[in-house]
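K.L.:
This is final22.pdb, which holds PDB, C-alpha atoms and all ligand atoms:
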```
ATOM      1  CA  MET A 252      38.272  31.403  -3.958
ATOM      2  CA  PRO A 253      38.994  28.633  -1.488
ATOM      3  CA  PHE A 254      40.364  26.130  -4.021
ATOM      4  CA  ALA A 255      43.244  28.567  -4.217
ATOM      5  CA  GLU A 256      43.728  28.272  -0.475
ATOM      6  CA  LEU A 257      44.332  24.516  -0.516
ATOM      7  CA  PHE A 258      48.009  23.621  -0.261
ATOM      8  CA  GLY A 259      49.915  22.614  -3.410
ATOM      9  CA  ASN A 260      48.832  20.886  -6.604
ATOM     10  CA  ARG A 261      48.048  23.873  -8.767
ATOM     11  CA  ARG A 262      47.573  21.632 -11.777
ATOM     12  CA  ILE A 263      44.818  19.648 -10.047
ATOM     13  CA  LYS A 264      43.111  22.885  -9.010
ATOM     14  CA  ARG A 265      43.034  23.957 -12.657
ATOM     15  CA  VAL A 266      41.616  20.608 -13.751
ATOM     16  CA  LEU A 267      38.862  20.634 -11.109
ATOM     17  CA  THR A 268      37.985  24.251 -11.799
ATOM     18  CA  SER A 269      37.678  23.564 -15.501
ATOM     19  CA  TYR A 270      35.400  20.594 -14.797
ATOM     20  CA  LEU A 271      33.206  22.891 -12.723
ATOM     21  CA  ARG A 272      33.174  25.700 -15.298
ATOM     22  CA  ASN A 273      32.389  23.405 -18.198
ATOM     23  CA  ARG A 274      30.027  21.225 -16.189
ATOM     24  CA  THR A 275      31.964  18.166 -17.267
ATOM     25  CA  ILE A 276      32.572  16.560 -13.915
ATOM     26  CA  PRO A 277      33.414  12.881 -14.379
ATOM     27  CA  PRO A 278      30.942  10.783 -12.370
ATOM     28  CA  ALA A 279      33.749   8.579 -11.045
ATOM     29  CA  MET A 280      37.164   9.885 -10.091
ATOM     30  CA  LEU A 281      40.237   8.363  -8.514
ATOM     31  CA  PHE A 282      42.592  10.709  -6.653
ATOM     32  CA  SER A 283      46.007   9.176  -6.143
ATOM     33  CA  GLY A 284      48.998  10.536  -4.255
ATOM     34  CA  ALA A 285      51.077   9.957  -1.132
ATOM     35  CA  GLY A 286      52.884  12.127   1.361
ATOM     36  CA  SER A 287      51.845  15.721   1.898
ATOM     37  CA  VAL A 288      49.041  15.689  -0.623
ATOM     38  CA  ASN A 289      45.661  16.707   0.605
ATOM     39  CA  LEU A 290      43.480  14.232  -1.278
ATOM     40  CA  LYS A 291      40.620  14.535   1.190
ATOM     41  CA  GLY A 292      40.755  18.336   1.197
ATOM     42  CA  PHE A 293      40.487  18.438  -2.579
ATOM     43  CA  ALA A 294      37.682  15.873  -2.644
ATOM     44  CA  LEU A 295      35.732  17.806  -0.013
ATOM     45  CA  GLY A 296      36.476  21.016  -1.913
ATOM     46  CA  LEU A 297      34.888  19.579  -5.020
ATOM     47  CA  ALA A 298      31.897  18.329  -3.023
ATOM     48  CA  LYS A 299      31.487  21.824  -1.559
ATOM     49  CA  ALA A 300      31.857  23.525  -4.932
ATOM     50  CA  LEU A 301      29.070  21.299  -6.278
ATOM     51  CA  ASN A 302      26.746  22.238  -3.429
ATOM     52  CA  CYS A 303      27.876  25.724  -2.370
ATOM     53  CA  LEU A 304      25.119  28.277  -1.909
ATOM     54  CA  LYS A 305      27.281  31.265  -2.778
ATOM     55  CA  MET A 306      29.709  30.285  -5.486
ATOM     56  CA  GLU A 307      29.212  28.534  -8.760
ATOM     57  CA  HIS A 308      32.591  27.147  -9.805
ATOM     58  CA  ASP A 309      34.293  27.179  -6.447
ATOM     59  CA  PHE A 310      33.353  26.978  -2.779
ATOM     60  CA  CYS A 311      33.037  29.718  -0.189
ATOM     61  CA  GLY A 312      33.704  27.561   2.869
ATOM     62  CA  GLU A 313      31.283  29.707   4.855
ATOM     63  CA  CYS A 314      27.723  29.030   3.705
ATOM     64  CA  ALA A 315      25.482  26.542   5.526
ATOM     65  CA  HIS A 316      26.159  23.816   2.950
ATOM     66  CA  CYS A 317      29.942  24.264   2.962
ATOM     67  CA  LEU A 318      30.016  24.237   6.761
ATOM     68  CA  ASP A 319      27.823  21.149   7.026
ATOM     69  CA  ILE A 320      29.993  19.303   4.503
ATOM     70  CA  ASP A 321      33.079  20.051   6.581
ATOM     71  CA  ARG A 322      31.303  18.774   9.692
ATOM     72  CA  GLU A 323      30.244  15.635   7.829
ATOM     73  CA  MET A 324      26.648  16.584   8.525
ATOM     74  CA  PHE A 325      25.483  17.269   5.003
ATOM     75  CA  PRO A 326      23.156  14.470   3.918
ATOM     76  CA  ASP A 327      24.263  14.450   0.274
ATOM     77  CA  VAL A 328      27.991  14.279   0.844
ATOM     78  CA  ARG A 329      29.278  11.125   2.444
ATOM     79  CA  LEU A 330      32.803  10.515   3.576
ATOM     80  CA  LEU A 331      33.427   6.788   3.908
ATOM     81  CA  ARG A 332      36.261   4.882   5.536
ATOM     82  CA  PRO A 333      36.961   1.178   5.699
ATOM     83  CA  ASP A 334      35.177  -0.460   8.598
ATOM     84  CA  GLY A 335      38.156  -2.292  10.100
ATOM     85  CA  GLN A 336      40.827  -3.772   7.816
ATOM     86  CA  GLN A 337      38.718  -3.462   4.692
ATOM     87  CA  TYR A 338      35.509  -1.994   3.364
ATOM     88  CA  LYS A 339      32.669  -4.296   4.336
ATOM     89  CA  LYS A 340      30.316  -5.591   1.710
ATOM     90  CA  GLU A 341      27.417  -3.898   3.578
ATOM     91  CA  GLN A 342      29.126  -0.524   3.223
ATOM     92  CA  VAL A 343      29.332  -0.928  -0.529
ATOM     93  CA  ASP A 344      25.767  -2.245  -0.744
ATOM     94  CA  PHE A 345      24.627   0.859   1.111
ATOM     95  CA  ILE A 346      26.378   3.181  -1.356
ATOM     96  CA  VAL A 347      25.059   1.301  -4.372
ATOM     97  CA  GLU A 348      21.491   1.626  -3.032
ATOM     98  CA  ASP A 349      21.752   5.104  -1.617
ATOM     99  CA  GLN A 350      23.228   6.722  -4.725
ATOM    100  CA  LEU A 351      20.007   6.018  -6.600
ATOM    101  CA  ARG A 352      18.024   8.395  -4.358
ATOM    102  CA  ARG A 353      17.611  12.068  -5.213
ATOM    103  CA  PRO A 354      19.755  14.562  -3.284
ATOM    104  CA  LEU A 355      17.988  15.753  -0.147
ATOM    105  CA  LYS A 356      19.392  19.245   0.200
ATOM    106  CA  GLY A 357      22.023  19.957  -2.405
ATOM    107  CA  ASP A 358      22.463  19.607  -6.147
ATOM    108  CA  ARG A 359      24.739  16.602  -6.192
ATOM    109  CA  LYS A 360      25.361  13.546  -4.116
ATOM    110  CA  VAL A 361      29.053  12.975  -3.536
ATOM    111  CA  TYR A 362      30.569   9.799  -2.102
ATOM    112  CA  ILE A 363      34.174  10.089  -1.030
ATOM    113  CA  LEU A 364      35.887   6.771  -0.281
ATOM    114  CA  GLU A 365      39.054   7.165   1.747
ATOM    115  CA  SER A 366      41.703   4.436   1.433
ATOM    116  CA  ALA A 367      40.037   2.941  -1.615
ATOM    117  CA  GLN A 368      42.863   0.397  -1.800
ATOM    118  CA  MET A 369      41.043  -1.280   1.080
ATOM    119  CA  LEU A 370      38.129  -2.339  -1.077
ATOM    120  CA  SER A 371      38.296  -6.119  -1.117
ATOM    121  CA  GLU A 372      37.824  -7.825  -4.438
ATOM    122  CA  SER A 373      34.251  -8.793  -3.632
ATOM    123  CA  SER A 374      33.246  -5.313  -2.454
ATOM    124  CA  ALA A 375      34.999  -3.780  -5.456
ATOM    125  CA  ASN A 376      32.995  -6.034  -7.727
ATOM    126  CA  ALA A 377      29.769  -5.064  -5.992
ATOM    127  CA  PHE A 378      30.739  -1.447  -6.605
ATOM    128  CA  LEU A 379      31.480  -1.722 -10.331
ATOM    129  CA  LYS A 380      27.961  -1.340 -11.622
ATOM    130  CA  ALA A 381      27.359   1.844  -9.637
ATOM    131  CA  LEU A 382      30.669   3.239 -10.868
ATOM    132  CA  GLU A 383      29.740   2.470 -14.419
ATOM    133  CA  GLU A 384      26.247   3.834 -14.354
ATOM    134  CA  PRO A 385      25.907   6.239 -11.466
ATOM    135  CA  SER A 386      22.629   8.121 -11.145
ATOM    136  CA  GLU A 387      22.692  11.508 -12.863
ATOM    137  CA  THR A 388      23.247  13.436  -9.679
ATOM    138  CA  THR A 389      25.955  11.191  -8.191
ATOM    139  CA  ILE A 390      29.723  11.695  -8.109
ATOM    140  CA  PHE A 391      32.147   9.121  -6.712
ATOM    141  CA  ILE A 392      35.610  10.145  -5.560
ATOM    142  CA  LEU A 393      37.990   7.357  -4.547
ATOM    143  CA  LEU A 394      41.179   8.272  -2.671
ATOM    144  CA  THR A 395      44.318   6.169  -2.571
ATOM    145  CA  PRO A 396      48.009   6.719  -1.793
ATOM    146  CA  SER A 397      48.995   4.574  -4.774
ATOM    147  CA  LEU A 398      47.264   3.170  -7.837
ATOM    148  CA  ALA A 399      49.041  -0.129  -7.230
ATOM    149  CA  GLY A 400      46.378  -1.266  -4.759
ATOM    150  CA  ILE A 401      43.418  -0.474  -6.995
ATOM    151  CA  LEU A 402      41.934  -3.175  -9.198
ATOM    152  CA  PRO A 403      42.234  -2.446 -12.928
ATOM    153  CA  THR A 404      38.463  -2.883 -13.301
ATOM    154  CA  ILE A 405      37.970   0.042 -10.889
ATOM    155  CA  GLN A 406      40.728   2.185 -12.426
ATOM    156  CA  SER A 407      39.346   1.841 -15.922
ATOM    157  CA  ARG A 408      35.959   3.158 -14.810
ATOM    158  CA  CYS A 409      37.389   6.235 -13.138
ATOM    159  CA  GLN A 410      38.987   9.454 -14.262
ATOM    160  CA  VAL A 411      42.385   9.214 -12.571
ATOM    161  CA  LEU A 412      43.939  12.385 -11.139
ATOM    162  CA  ARG A 413      47.531  11.995  -9.940
ATOM    163  CA  PHE A 414      48.547  14.390  -7.184
ATOM    164  CA  ALA A 415      52.202  15.413  -7.122
ATOM    165  CA  PRO A 416      54.071  15.594  -3.815
ATOM    166  CA  PRO A 417      55.070  19.160  -2.975
ATOM    167  CA  ALA A 418      58.700  20.236  -3.321
ATOM    168  CA  PRO A 419      60.683  20.459  -0.037
ATOM    169  CA  GLU A 420      60.873  24.224  -0.428
ATOM    170  CA  GLU A 421      57.082  24.482  -0.662
ATOM    171  CA  ILE A 422      56.767  22.410   2.493
ATOM    172  CA  ARG A 423      59.306  24.541   4.304
ATOM    173  CA  LYS A 424      57.435  27.712   3.421
ATOM    174  CA  TYR A 425      54.152  26.184   4.419
ATOM    175  CA  LEU A 426      55.475  25.096   7.823
ATOM    176  CA  LEU A 427      57.019  28.520   8.404
ATOM    177  CA  GLY A 428      53.668  30.040   7.491
ATOM    178  CA  GLN A 429      52.112  27.874  10.217
ATOM    179  CA  GLY A 430      54.415  29.538  12.707
ATOM    180  CA  MET A 431      56.969  26.742  12.962
ATOM    181  CA  GLN A 432      60.563  27.535  13.928
ATOM    182  CA  GLU A 433      62.954  27.869  10.999
ATOM    183  CA  GLU A 434      65.213  25.018  12.122
ATOM    184  CA  LYS A 435      62.408  22.500  12.595
ATOM    185  CA  ALA A 436      60.735  23.472   9.316
ATOM    186  CA  ALA A 437      64.004  22.993   7.436
ATOM    187  CA  LEU A 438      64.586  19.603   9.059
ATOM    188  CA  LEU A 439      61.091  18.351   8.261
ATOM    189  CA  SER A 440      61.159  19.524   4.665
ATOM    190  CA  ARG A 441      64.493  17.744   4.310
ATOM    191  CA  LEU A 442      63.017  14.517   5.701
ATOM    192  CA  SER A 443      60.136  14.806   3.258
ATOM    193  CA  GLN A 444      62.565  14.189   0.400
ATOM    194  CA  SER A 445      63.395  10.693   1.453
ATOM    195  CA  GLN A 446      60.077   9.558   2.837
ATOM    196  CA  ARG A 447      56.607  10.154   1.588
ATOM    197  CA  LEU A 448      55.526  11.770   4.804
ATOM    198  CA  ASP A 449      52.385  13.745   5.265
ATOM    199  CA  LEU A 450      53.918  16.821   6.827
ATOM    200  CA  ILE A 451      50.902  18.984   6.224
ATOM    201  CA  HIS A 452      48.393  16.856   8.082
ATOM    202  CA  GLY A 453      50.505  14.297   9.870
ATOM    203  CA  ASN A 454      51.832  14.368  13.350
ATOM    204  CA  TYR A 455      55.435  15.401  12.812
ATOM    205  CA  ASP A 456      56.276  15.555  16.488
ATOM    206  CA  GLU A 457      55.640  11.829  16.625
ATOM    207  CA  LEU A 458      57.886  11.327  13.640
ATOM    208  CA  LEU A 459      60.687  13.364  15.154
ATOM    209  CA  ALA A 460      60.451  11.358  18.361
ATOM    210  CA  ALA A 461      60.320   8.047  16.472
ATOM    211  CA  ARG A 462      63.642   8.804  14.774
ATOM    212  CA  GLY A 463      65.484   8.968  18.101
ATOM    213  CA  ALA A 464      64.175   5.552  19.112
ATOM    214  CA  VAL A 465      65.066   4.036  15.741
ATOM    215  CA  LEU A 466      68.578   5.458  15.866
ATOM    216  CA  ASP A 467      68.952   3.740  19.223
ATOM    217  CA  VAL A 468      67.908   0.424  17.649
ATOM    218  CA  LEU A 469      70.343   0.927  14.771
ATOM    219  CA  GLY A 470      73.151   1.733  17.230
ATOM    220  CA  ARG A 471      72.568  -1.511  19.142
ATOM    221  CA  LEU A 472      72.595  -3.521  15.949
ATOM    222  CA  LEU A 473      75.709  -1.924  14.469
ATOM    223  CA  ARG A 474      77.641  -2.088  17.724
ATOM    224  CA  HIS A 475      76.403  -5.622  18.432
ATOM    225  CA  ASP A 476      75.401  -4.525  21.855
ATOM    226  CA  GLY A 477      71.837  -4.964  23.090
ATOM    227  CA  GLU A 478      70.537  -6.728  19.981
ATOM    228  CA  GLY A 479      68.615  -9.094  22.257
ATOM    229  CA  GLU A 480      66.349  -6.286  23.418
ATOM    230  CA  VAL A 481      65.566  -5.321  19.839
ATOM    231  CA  LEU A 482      64.621  -8.899  19.100
ATOM    232  CA  VAL A 483      62.412  -9.112  22.189
ATOM    233  CA  LYS A 484      60.541  -5.962  21.190
ATOM    234  CA  LEU A 485      59.948  -7.183  17.639
ATOM    235  CA  ASN A 486      58.805 -10.568  18.879
ATOM    236  CA  GLU A 487      56.372  -8.933  21.257
ATOM    237  CA  LEU A 488      54.879  -6.935  18.391
ATOM    238  CA  ASN A 489      54.657 -10.093  16.276
ATOM    239  CA  ARG A 490      51.484 -11.020  18.092
ATOM    240  CA  ARG A 491      49.525  -8.197  16.537
ATOM    241  CA  ARG A 492      50.143  -8.156  12.827
ATOM    242  CA  ASP A 493      48.852  -4.615  12.124
ATOM    243  CA  ALA A 494      50.932  -3.054  14.855
ATOM    244  CA  PHE A 495      53.961  -5.062  13.789
ATOM    245  CA  ILE A 496      53.720  -4.089  10.120
ATOM    246  CA  THR A 497      53.257  -0.402  10.898
ATOM    247  CA  TYR A 498      56.219  -0.396  13.274
ATOM    248  CA  PHE A 499      58.417  -2.561  11.066
ATOM    249  CA  ARG A 500      57.824  -0.482   7.956
ATOM    250  CA  GLU A 501      58.702   2.728   9.751
ATOM    251  CA  LEU A 502      61.713   1.095  11.414
ATOM    252  CA  VAL A 503      63.160  -0.160   8.134
ATOM    253  CA  ASN A 504      62.402   3.098   6.337
ATOM    254  CA  LEU A 505      64.093   5.227   8.962
ATOM    255  CA  ILE A 506      67.050   2.855   9.233
ATOM    256  CA  SER A 507      67.596   3.120   5.455
ATOM    257  CA  GLN A 508      67.632   6.857   5.846
ATOM    258  CA  PHE A 509      70.170   6.737   8.690
ATOM    259  CA  LEU A 510      72.367   4.252   6.797
ATOM    260  CA  ARG A 511      72.352   6.535   3.801
ATOM    261  CA  ASP A 512      73.389   9.429   6.046
ATOM    262  CA  ILE A 513      76.202   7.352   7.578
ATOM    263  CA  MET A 514      77.422   6.567   4.039
ATOM    264  CA  VAL A 515      77.509  10.279   3.270
ATOM    265  CA  LEU A 516      79.586  10.960   6.389
ATOM    266  CA  LYS A 517      81.935   8.044   5.669
ATOM    267  CA  ALA A 518      82.517   9.367   2.176
ATOM    268  CA  GLY A 519      83.523  12.670   3.724
ATOM    269  CA  GLY A 520      80.373  14.336   2.398
ATOM    270  CA  ASP A 521      79.242  17.672   3.719
ATOM    271  CA  ALA A 522      76.844  17.543   6.670
ATOM    272  CA  SER A 523      74.417  19.711   4.711
ATOM    273  CA  LEU A 524      73.729  16.608   2.583
ATOM    274  CA  LEU A 525      72.310  14.688   5.538
ATOM    275  CA  PHE A 526      68.607  14.015   5.887
ATOM    276  CA  ASN A 527      68.927  13.748   9.657
ATOM    277  CA  ILE A 528      71.164  16.714  10.151
ATOM    278  CA  ASP A 529      70.167  17.027  13.822
ATOM    279  CA  PHE A 530      71.728  13.621  14.564
ATOM    280  CA  ARG A 531      75.029  14.434  12.881
ATOM    281  CA  GLU A 532      77.198  13.620  15.880
ATOM    282  CA  GLU A 533      75.510  10.342  16.757
ATOM    283  CA  LEU A 534      75.762   9.257  13.124
ATOM    284  CA  MET A 535      79.434  10.163  13.042
ATOM    285  CA  VAL A 536      80.054   7.844  15.996
ATOM    286  CA  LEU A 537      78.097   5.018  14.367
ATOM    287  CA  SER A 538      80.032   5.406  11.127
ATOM    288  CA  GLN A 539      83.040   3.819  12.847
ATOM    289  CA  TYR A 540      81.273   0.511  13.297
ATOM    290  CA  SER A 541      80.799  -0.524   9.674
ATOM    291  CA  GLY A 542      82.726  -0.401   6.448
ATOM    292  CA  GLU A 543      81.279   1.009   3.254
ATOM    293  CA  GLU A 544      80.623  -2.436   1.845
ATOM    294  CA  LYS A 545      78.634  -3.496   4.861
ATOM    295  CA  LEU A 546      76.632  -0.274   4.727
ATOM    296  CA  LEU A 547      75.793  -0.776   1.077
ATOM    297  CA  PHE A 548      74.801  -4.340   1.827
ATOM    298  CA  LEU A 549      72.518  -3.151   4.626
ATOM    299  CA  ILE A 550      70.894  -0.476   2.505
ATOM    300  CA  ARG A 551      70.075  -3.111  -0.119
ATOM    301  CA  ARG A 552      68.789  -5.489   2.565
ATOM    302  CA  MET A 553      66.450  -2.814   3.888
ATOM    303  CA  GLU A 554      65.036  -2.348   0.381
ATOM    304  CA  THR A 555      64.437  -6.074   0.084
ATOM    305  CA  LEU A 556      62.753  -6.117   3.487
ATOM    306  CA  LEU A 557      60.397  -3.322   2.477
ATOM    307  CA  ARG A 558      59.420  -5.362  -0.566
ATOM    308  CA  ASP A 559      58.936  -8.405   1.641
ATOM    309  CA  VAL A 560      56.574  -6.416   3.870
ATOM    310  CA  GLN A 561      54.585  -5.538   0.756
ATOM    311  CA  ARG A 562      54.519  -9.220  -0.179
ATOM    312  CA  ASN A 563      52.876  -9.995   3.151
ATOM    313  CA  LEU A 564      55.704 -12.096   4.484
ATOM    314  CA  ASN A 565      55.237 -13.577   7.921
ATOM    315  CA  ALA A 566      56.263 -11.291  10.802
ATOM    316  CA  LYS A 567      58.565 -13.904  12.331
ATOM    317  CA  VAL A 568      60.434 -14.335   9.060
ATOM    318  CA  LEU A 569      60.746 -10.574   8.615
ATOM    319  CA  THR A 570      62.128 -10.212  12.144
ATOM    320  CA  GLN A 571      64.687 -12.984  11.582
ATOM    321  CA  GLU A 572      65.795 -11.580   8.259
ATOM    322  CA  PHE A 573      66.101  -8.121   9.734
ATOM    323  CA  ILE A 574      68.244  -9.174  12.692
ATOM    324  CA  ARG A 575      70.330 -11.527  10.558
ATOM    325  CA  SER A 576      71.187  -8.699   8.139
ATOM    326  CA  PHE A 577      73.188  -7.037  10.871
ATOM    327  CA  SER A 578      74.936 -10.134  12.175
ATOM    328  CA  ASP A 579      75.737 -11.903   8.912
ATOM    329  CA  PRO A 580      79.460 -12.766   8.995
ATOM    330  CA  GLU A 581      79.488 -13.253   5.207
ATOM    331  CA  THR A 582      79.326  -9.540   4.682
ATOM    332  CA  GLY A 583      82.767  -8.700   5.951
ATOM    333  CA  VAL A 584      83.058  -6.008   8.532
ATOM    334  CA  GLY A 585      79.700  -6.685  10.300
TER     335      GLY A 585
HETATM  336 ZN    ZN A 601      29.635  27.742   0.277
END
```
Written as structure tokens, that's how I'd like the structure from this file.

P.N.:
Amino acid sequence: MPFAELFGNRRIKRVLTSYLRNRTIPPAMLFSGAGSVNLKGFALGLAKALNCLKMEHDFCGECAHCLDIDREMFPDVRLLRPDGQQYKKEQVDFIVEDQLRRPLKGDRKVYILESAQMLSESSANAFLKALEEPSETTIFILLTPSLAGILPTIQSRCQVLRFAPPAPEEIRKYLLGQGMQEEKAALLSRLSQSQRLDLIHGNYDELLAARGAVLDVLGRLLRHDGEGEVLVKLNELNRRRDAFITYFRELVNLISQFLRDIMVLKAGGDASLLFNIDFREELMVLSQYSGEEKLLFLIRRMETLLRDVQRNLNAKVLTQEFIRSFSDPETGVG
């Protein structure tokens, strides 16, 4: 019964199980969902169910085939990731060729493409024909955090399954079940409401540590003390675009969350409403440095900046806009 043991998404489990029972598995599927959704686990589960030696409409997780699939050593199930920034044309050419061959060991060949949003237009086009007319024994499963990055020509050839993010309470229970302390589990499930974090598979200790550093940055900016150092750090990161974007996105996301918490405190809201309840005192201190209007302005600016990141704006421009948001005299109290 191992489908039942995967975390969350009961609806998807029912859909996949009914495909298996009725032998109506779509040859091309697109799994979409962000945060604590286990797209890869479900895709591998389906691949195992199709090749399991013990079970017919599910997977045992223990037979030689199931074990080899988990180890990525099963010749008929391939887990693919972009080679660098994007999928290379050669990777797609390989799949297109390889899918035509008969399975070597199992019943079905399954190709799982992680981060399918990283298929460039040319590799996506090379892939279309295979998606449209896969060989009888082939199944394609494309994984993506959001459908927005997937070309319509790909989407229309796939059965799309949308994974829902788990409720905070589900996450809390799961983390407790993993032996986590009550306080930490409650804090993380609370954070999951505001950010699409992968709390089930992600590294939450890193996230918890990152928040402290970001709060320090926010403090410097709001107090107008030590802004120079923030600027220096961002400019240093500018040189490597990937690293900059990853850092900047997290920075702006977490700052929005802190600003929202400061607003709650300023409005006299109960501390239980805070996302970052463990930083209550620090946030209380920071709330003295800006008026409500300025805070609202900043929250809106952070939203705009996140959109600008999406729009691939230059790192230098993003840095300037970010720093300027906090020093803009037009906005009153700042
Ligand atoms: Zn098995």

K.L.:
Restrict the calculation to all atoms listed in the file, then for each residue of chain A with any atom at most 7 Å from an atom of ligand ZN 601 (chain A) give the closest atom pair and their distance in Å to one decimal, rows by chain and rising residue number, as CSV.

P.N.:
```
residue,atom,partner,partner_atom,distance
A:Lys299,CA,A:ZN601,ZN,6.5
A:Cys303,CA,A:ZN601,ZN,3.8
A:Leu304,CA,A:ZN601,ZN,5.0
A:Lys305,CA,A:ZN601,ZN,5.2
A:Met306,CA,A:ZN601,ZN,6.3
A:Phe310,CA,A:ZN601,ZN,4.9
A:Cys311,CA,A:ZN601,ZN,4.0
A:Gly312,CA,A:ZN601,ZN,4.8
A:Glu313,CA,A:ZN601,ZN,5.2
A:Cys314,CA,A:ZN601,ZN,4.1
A:Ala315,CA,A:ZN601,ZN,6.8
A:His316,CA,A:ZN601,ZN,5.9
A:Cys317,CA,A:ZN601,ZN,4.4
```

K.L.:
For A:Glu384, which of A:Gln350, A:Gln432, A:Asn563, A:Asn486 is the closest residue, counting only C-alpha atoms?

P.N.:
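The closest residue to A:Glu384 is A:Gln350.
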
K.L.:
Using all atoms listed in the file, find the one residue out of A:Ser269, A:Asn489, A:Gln429, A:Gln342 that sits nearest to A:His308.

P.N.:
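Counting all atoms listed in the file, the residue closest to A:His308 is A:Ser269.
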
K.L.:
List the residues selected by the PyMOL selection byres (((chain A and resi 280) around 12) and not hetatm) in the file shown, writing them as a ChimeraX atom specification.

P.N.:
/A:267,270,276-279,281-283,290,293-294,297,361-364,367,382-383,385,389-395,405-413

K.L.:
Extract, using only C-alpha atoms, all DNA, RNA and protein residues at most 12 Å from A:Glu421, discarding same-chain residues fewer than 2 positions from it, and format them as a list in words.

P.N.:
Phe258, Gly259, Asn260, Ser287, Val288, Pro416, Pro417, Ala418, Pro419, Arg423, Lys424, Tyr425, Leu426, Leu427, Gly428, Ala436, Ala437, Leu439, Ser440, Arg441, Ser443, Gln444, Leu450 and Ile451 of chain A

K.L.:
Restricting the calculation to all atoms listed in the file, which member of A:Glu372, A:Asp559, A:Asp358, A:Glu554 is positioned closest to A:Ile401?

P.N.:
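With all atoms listed in the file as the atom set, the closest residue is A:Glu372.
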
K.L.:
My list of candidates is A:Ala518, A:Leu549, A:Ala298, A:Leu485. Which is closest to A:Phe499 when distances are computed with only C-alpha atoms?

P.N.:
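Closest candidate: A:Leu485.
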
K.L.:
With the PyMOL selection byres (((chain A and resi 359) around 7) and not hetatm) as the selection, what would be picked from this file? Answer as a PyMOL selection string, please.

P.N.:
chain A and resi 301-302+327+354+357-358+360-361+388-389

K.L.:
One decimal, in Å: what's the spacing between atom CA of A:Gly542 and atom CA of A:Ile513?

P.N.:
10.2 Å

K.L.:
Could you list, as a list in words, every residue matched by the PyMOL selection byres (((chain A and resi 376) around 12) and not hetatm) in this structure?

P.N.:
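Output of the PyMOL selection byres (((chain A and resi 376) around 12) and not hetatm): Lys340, Val343, Asp344, Val347, Leu370, Ser371, Glu372, Ser373, Ser374, Ala375, Ala377, Phe378, Leu379, Lys380, Ala381, Leu382, Glu383, Ile401, Leu402, Pro403, Thr404, Ile405 and Arg408 of chain A.
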
K.L.:
Place a sphere of radius 9 Å on (41.0, 7.6, 7.2) in the file coordinates and name every protein, DNA or RNA residue with an atom inside or on its surface, counting all atoms listed in the file; give the answer as JSON, numbers by chain.

P.N.:
{"A": [331, 332, 333, 365, 366]}

K.L.:
Using only C-alpha atoms, can you tell me which of A:Val515, A:Leu442, A:Val503, A:Leu459 comes closest to A:Leu546?

P.N.:
A:Val515

K.L.:
So the first atom is atom CA of A:Lys339 and the second is atom CA of A:Gly400; what is the distance between them in Å, to one decimal place?

P.N.:
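The value is 16.7 Å.
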
K.L.:
Which residue, A:Ala285, A:Gly292, A:Ser538, A:Thr555, has the smallest gap to A:Ser397 when you use all atoms listed in the file?

P.N.:
A:Ala285

K.L.:
Just the number, please: distance in Å from atom CA of A:Asp349 to atom CA of A:Met369, one decimal.

P.N.:
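These atoms are spaced 20.5 Å apart.
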
K.L.:
Only N, CA and C atoms, please: stretch 502-512 of chain A from the block, as an mmCIF file, in the first residue's frame.

P.N.:
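As a result, selection14.cif now contains:
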```cif
data_model
loop_
_atom_site.group_PDB
_atom_site.id
_atom_site.type_symbol
_atom_site.label_atom_id
_atom_site.label_comp_id
_atom_site.auth_asym_id
_atom_site.auth_seq_id
_atom_site.Cartn_x
_atom_site.Cartn_y
_atom_site.Cartn_z
ATOM 1 N N LEU A 502 15.637 36.942 0.195
ATOM 2 C CA LEU A 502 15.729 38.157 1.000
ATOM 3 C C LEU A 502 14.416 38.940 0.949
ATOM 4 N N VAL A 503 13.936 39.176 -0.270
ATOM 5 C CA VAL A 503 12.732 39.994 -0.438
ATOM 6 C C VAL A 503 11.502 39.271 0.127
ATOM 7 N N ASN A 504 11.450 37.977 -0.097
ATOM 8 C CA ASN A 504 10.343 37.178 0.448
ATOM 9 C C ASN A 504 10.285 37.253 1.961
ATOM 10 N N LEU A 505 11.435 37.034 2.586
ATOM 11 C CA LEU A 505 11.468 37.026 4.052
ATOM 12 C C LEU A 505 11.217 38.424 4.605
ATOM 13 N N ILE A 506 11.737 39.443 3.922
ATOM 14 C CA ILE A 506 11.506 40.811 4.385
ATOM 15 C C ILE A 506 10.006 41.141 4.330
ATOM 16 N N SER A 507 9.333 40.713 3.264
ATOM 17 C CA SER A 507 7.874 40.942 3.185
ATOM 18 C C SER A 507 7.188 40.339 4.388
ATOM 19 N N GLN A 508 7.633 39.134 4.726
ATOM 20 C CA GLN A 508 7.032 38.431 5.850
ATOM 21 C C GLN A 508 7.261 39.186 7.172
ATOM 22 N N PHE A 509 8.482 39.678 7.361
ATOM 23 C CA PHE A 509 8.790 40.436 8.578
ATOM 24 C C PHE A 509 7.997 41.747 8.613
ATOM 25 N N LEU A 510 7.909 42.419 7.450
ATOM 26 C CA LEU A 510 7.177 43.693 7.404
ATOM 27 C C LEU A 510 5.713 43.467 7.767
ATOM 28 N N ARG A 511 5.190 42.387 7.263
ATOM 29 C CA ARG A 511 3.787 42.056 7.552
ATOM 30 C C ARG A 511 3.620 41.809 9.057
ATOM 31 N N ASP A 512 4.595 41.127 9.650
ATOM 32 C CA ASP A 512 4.542 40.894 11.098
ATOM 33 C C ASP A 512 4.637 42.200 11.885
#
```
